[in-house]
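So the structure is just underneath, and the comments pick up after that.
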Amino acid sequence: MTVTINIEHAKKVYDNNNVVIPDLSVVIKPGEFFTLLGPSGCGKTTLLRMIAGFNTIEGGEIKFDDRVINNLPPYKRNIGMVFQNYAVFPHMTTRENVAFGLKERKIKEPELSQRVDDMLKMVQIEELADRIPSNMSGGQQQRIALARAIVIQPDVLLMDEPLSNLDAKLRVEMRSVIRHIQQQADITTVYVTHDQEEALAISDRIAVMNKGVIQQVDNPVNIYRHPVNLFTATFMGQSNLVRCSLDGKKGTLIGTDQSYEFNRINDDCTEKEAIICIRPKDLKFADKGIKGTVKERVFFGTDIHYTIETGAGELLLSCSVNDPLHEVGETVFLEVEKDVVNLFTTDENGTTLMKR
Amino acid sequence: MKRRKHTREFTIWNVMTIICFSFFAFFFLYPLLRMIIGGIYVDGKFNFDSYKKFFTSRYYMSAVANSFKIALTSTCISIVTGTTYAMIMRHVKIKGKKLIDVLLLVSTITPPFLGGYSWILLGGRVGYFTKFINKLFGIQFPGIYGFWGIIFTFVVGSTATMYMYISGALKNLDSSLVEAAENLGCRGLRKIIKIYIPLILPTVLSTALLSFMRAFADFGTAELIGEGYHVLGGLIYSSYLGEVYRDGAMASALSSITLAFTAIIFMIQRYFATRKNVEMNSLHPIEQKDYKGIKGILAHAYIYFMTTLSILPILTVTYNSFQKSAGQVFVDGQYSLDSYAKAFSRMGKAISRTYIFGFAALALILVIGIITSYANVRHRSTITKTVDTLTFFPFIVPGAVLGIATILAFNGKPFYLTGTSIIIIAIWVIRRLPYTIRSSTSVLHQIGASVEEASQSLGANGIHTFFKVTLPMMFAGILPGALLSWVSCITELSSSLFVYNNKNMTMSIAIYTQILKGNMGIASAMSTILLVSAATVLTILFTSSKGKMDFGL
Ligand SMILES: Nc1ncnc2c1ncn2[C@@H]1O[C@H](COP(=O)(O)OP(=O)(O)O)[C@@H](O)[C@H]1O
Ligand SMILES: [Mg+2]
């Protein structure tokens with residue numbers, strides 16, 4: 001029984017008249033893994049806690065299917081929640097933690113034990129079943145929290161940066177555990193993170209948020225390839241922003257003599273100036289093109305990052321370690337992958353000029 | 001759209017806070033107000049005679065000066081002795097540290113009057129030490145009486161407390177801070193002045209306040225050891241309970257003045273303490289090292305000496321309780337259990353009564369403390385904030401002042417409660433409430449809200465969550481403080497002395513009256529019973545918490 005979460009014109013104002021979410025609408029589909037992605041302080045936690053019932057809603061409606069839940073207390077919403085700091089009950093064993101929600105629902109033996117055991121097996125912590133969580137690792141505690149949230153068969157699963165307290169390796173491992181379990185359980189899931197890589201790896205769809213406003217909702221590939229504005233584009237990773245003058249689809253990078261025919265630009269585009277967002281991967285060394293001097297070279301293992309001084313400013317280029325090396329001080333030429341890069345308006349919104 | 005802030009639960013907790021507060025208001029605010037008014041409003045009209053008498057009389061003014069002198073001197077000295085003690089214990093591996101910790105903990109429960117009493121037995125005119133020294137050197141040392149005798153008793157009494165709090169602060173001091181200072185060329189005394197002192201200052205100041213308050217309004221010690229050295233506490237006591245006359249207005253005025261002084265001292269302390277507040281959280285506490293040679297010997301000597309001083313009162317009392325006694329004096333070299341037999345036959349009721357009262361008070365303290373702190377932390381409102389602030393006031397009200405206030409308020413119309421068990425329990429609850437509320441507030445902040453939210457999201461409503469999750473989690477955190485409260489209750493004297501009657505005597509009152517009557521044997525036996533039961537509780541507590549106790553102020 002999976003539900004649709006329907007958020008219509010939701011508004012959040014904190015006590016001090018601080019409007020954190022002015023007007024937010026989004027539909028989260030049944031069984032979907034939906035991620036709220038945005039910089040710290042943009043209101044992701046606030047929105048999640050409105051869905052959970054821990055924050056009041058100052059305007060609009062939040063519906064589970066057709067049921068308005070605005071004034072439903074948290075314990076009646078049938079949600080599973082996973083917290084950044086795990087929030088496992090320190091005075092209960094793993095098993096008691098997982099059984100907690102079932103007991104609240106008056107589930108009797110033998111079903112109770114059956115479901116708890118199944119769940120423990122699913123998140124692979126059977127051997128910790130009778131231990132107190134206080135000395136367990138972060139990964140183990142988060143597995144308990146996950147099991148505890150899912151075992152109650154919630155309508156909605158909410159997770160607030162559940163992996164950010166874990167080390168890098170565990171983060172990747174837990175990422176797939178979460179994804180796997182979510183798919184098995186088929187629960188509508190809202191996941192909060194500020195890590196774009198994590199969001200891209202785990203989600204069905206992503207909502208990119210800034211200052212309480214959703215910028216774009218789309219699947220990971222589209223978010224990455226077709227950002228609707230400069231904010232989304234730059235939030236998805238390091239980017240070179242270069243101004244260019246525009247004449248129809250022909251753009252000239254300011255400070256260089258390089259022009260490109262950007263075929264993906266809207267046919268009716270009348271802008272005379274634009275900002276090109278070039279990801280480091282979309283710059284290539286070539287025999288001709290933008291002329292520059294290598295200023296710095298940083299070795300990252302699989303990648304090498306070059307900082308190159310050009311007429312258009314410093315540009316960051318990333319290429320494979322196996323490519324031919326360039327030395328600091330060397331004069332080089334750069335080519336832009338013109339069919340991949342995105343152009344945006346120069347106003348403060350930085351709206352995309354590209355076709356889909 | 002209407003805000004959903006005022007949920008049902010919010011209302012429930014606020015109402016509970018008000019219920020708790022009405023207890024507090026009735027047994028604390030009301031008596032205090034009546035006392036303050038009673039000092040200036042006599043027989044239906046304003047009358048400032050008591051105040052005039054106070055401020056114009058050399059006798060009263062010198063008592064104030066004496067109290068200040070005693071409190072300041074003893075506090076300053078015990079800051080030095082306590083800090084030294086804590087610094088040594090933190091840095092030097094002392095042999096028998098565990099035992100020392102337990103002994104000190106036990107010593108902190110010695111009620112001040114017992115300390116005074118046993119120091120007379122030891123260092124008084126005919127005390128063991130006095131006799132020994134005089135024989136040894138052939139001198140006429142008169143014993144530890146007067147000003148320095150009082151100071152000595154207080155310093156010995158509060159060094160252990162000082163040590164415990166300061167040691168807690170030092171535990172939070174990360175060794176990397178000290179190492180960083182050393183790397184930057186800051187060593188020796190400069191290191192102590194530049195790094196240690198600023199970092200432990202807030203703790204030192206709040207402990208100093210505790211010690212100051214205790215000394216400032218004390219009357220038992222000065223009565224026993226002072227020998228005519230009159231102090232404010234003594235005046236309060238004799239103005240109301242004295243044999244000569246009973247002057248309610250004067251007692252009120254004296255108490256109000258004392259209260260004003262302690263309030264000012266408190267505000268001064270707060271002013272400095274909050275300005276110097278530092279947040280510390282240590283990952284690598286300072287490690288104790290083995291010190292060889294003269295340094296090590298001196299360190300050990302100091303620790304052993306101070307520890308011995310701290311527990312000597314208890315040892316003396318215990319030893320005496322097994323001695324044969326003939327009224328005022330103990331018979332050397334003859335032992336018996338007579339004192340215990342007499343104690344149980346005459347005072348058996350008092351013993352069981354003390355425990356019952358103690359547990360009743362503890363239960364009330366816990367209920368009120370947990371409710372008010374929980375409401376204020378999780379369902380904060382103007383009401384809860386006000387209650388939280390007001391419930392801190394008993395901290396600055398000296399025991400004798402509270403005693404006077406209570407007896408004046410409940411000794412007549414419209415509430416006849418003096419001498420009832422209710423009033424004694426209430427007084428104990430009021431005195432310990434500030435500590436419990438503070439400690440459960442900090443425990444609640446530590447727990448954080450997300451665990452409760454997890455519980456709610458799993459389907460447990462507010463009440464279920466509170467009982468199944470919050471309360472069990474809080475319990476471990478507030479248990480040490482709670483048991484300490486129990487111990488303080490059963491050893492409490494300065495307030496309950498004013499409101500007891502013979503049918504409702506508690507152990508510490510009984511001990512005090514037996515001392516005054518000169519029945520030293522019974523007094524010693526009862527003291528031993530009192531101390532042993534308190535020590536048992538503390539030892540259990542200490543071992544079960546593996547020495548990681550937090551006394552939370
Ligand atoms: N309880 C609160 N009271 C007042 N302001 C808050 C509260 N919680 C969050 N805020 C404010 O709301 C904004 C969004 O916070 P949050 O939702 O926690 O951001 P995110 O989770 O995206 O980092 C921040 O500016 C924060 O200061
Ligand atoms: Mg957040």
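Within each chain, counting starts at residue 1; across the structure tokens, chains are named A, B, ... in the order shown, with ligands numbered 1 upward in that order.
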Neighbours of ligand 2 at 9 Å or closer, counting only C-alpha atoms and all ligand atoms: which residues, as a count of residues only?
14
Near chain A, which residues of chain B fall within 6 Å when you count only C-alpha atoms, and what do they look like as a VMD selection string?
chain B and resid 4 450 to 451 456 to 461
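Closest approach to ligand 1 from the set A:Asp282, A:Asp15, A:Glu127, A:Glu314 is made by A:Asp15, with distances taken over only C-alpha atoms and all ligand atoms.
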What lies within 12 Å of stretch 83-93 of chain B using only C-alpha atoms, ignoring chain neighbours under 4 positions off, as number ranges by chain?
B: 75-79, 97-98, 100-101, 104, 158-175, 178, 192, 196-197, 200-201, 203-205, 207-208, 285-292, 295-307
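Running DSSP on the backbone and keeping only strand (DSSP E), the residues of stretch 40-259 of chain B that qualify are Tyr41, Val42, Lys45 and Phe46 of chain B.
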Just the residues within 8 Å of B:Val499, please, counting only C-alpha atoms, with nothing from its chain fewer than 4 positions along; format it as a list in words.
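Non-adjacent residues within range: Gly403, Thr406, Ile407, Thr418, Gly419, Ile423, Ile424 and Ser495 of chain B.
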With all heavy atoms retained, could you export that selection as a compact mmCIF listing (two decimals), in the first residue's frame?
# COMPACT_ATOMS: atom_id res chain seq x y z
N GLY B 403 14.00 28.14 57.26
CA GLY B 403 13.39 27.63 58.48
C GLY B 403 12.54 28.69 59.14
O GLY B 403 11.37 28.46 59.49
N THR B 406 9.44 29.49 57.11
CA THR B 406 8.44 28.44 57.18
C THR B 406 7.70 28.46 58.51
O THR B 406 6.47 28.36 58.55
CB THR B 406 9.11 27.07 56.97
OG1 THR B 406 9.91 27.15 55.81
CG2 THR B 406 8.07 25.99 56.78
N ILE B 407 8.45 28.61 59.56
CA ILE B 407 7.76 28.56 60.86
C ILE B 407 6.86 29.77 61.06
O ILE B 407 5.76 29.68 61.59
CB ILE B 407 8.77 28.40 62.03
CG1 ILE B 407 8.00 27.98 63.29
CG2 ILE B 407 9.55 29.66 62.29
CD1 ILE B 407 8.88 27.52 64.39
N THR B 418 3.17 23.58 61.41
CA THR B 418 4.45 23.38 62.10
C THR B 418 4.44 22.05 62.84
O THR B 418 3.45 21.72 63.47
CB THR B 418 4.72 24.50 63.11
OG1 THR B 418 4.27 25.69 62.54
CG2 THR B 418 6.18 24.58 63.45
N GLY B 419 5.54 21.34 62.73
CA GLY B 419 5.65 20.09 63.45
C GLY B 419 5.07 18.92 62.72
O GLY B 419 5.30 17.78 63.10
N ILE B 423 5.50 19.33 56.63
CA ILE B 423 6.32 20.53 56.55
C ILE B 423 7.81 20.19 56.45
O ILE B 423 8.56 20.84 55.73
CB ILE B 423 6.02 21.47 57.76
CG1 ILE B 423 6.40 22.90 57.37
CG2 ILE B 423 6.75 21.07 59.00
CD1 ILE B 423 5.43 23.55 56.47
N ILE B 424 8.20 19.12 57.16
CA ILE B 424 9.61 18.74 57.09
C ILE B 424 9.94 18.24 55.68
O ILE B 424 10.93 18.63 55.06
CB ILE B 424 9.93 17.66 58.15
CG1 ILE B 424 9.86 18.30 59.54
CG2 ILE B 424 11.31 17.07 57.92
CD1 ILE B 424 10.09 17.36 60.67
N SER B 495 17.25 23.91 58.34
CA SER B 495 15.86 24.35 58.19
C SER B 495 14.91 23.57 59.07
O SER B 495 14.05 24.13 59.75
CB SER B 495 15.40 24.19 56.74
OG SER B 495 16.16 24.94 55.89
Could you tell me which of A:Met209, A:Ile187, A:Ala286, A:Ala168 comes closest to ligand 1 if we count only C-alpha atoms and all ligand atoms?
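Of A:Met209, A:Ile187, A:Ala286, A:Ala168, the one nearest ligand 1 is A:Met209, counting only C-alpha atoms and all ligand atoms.
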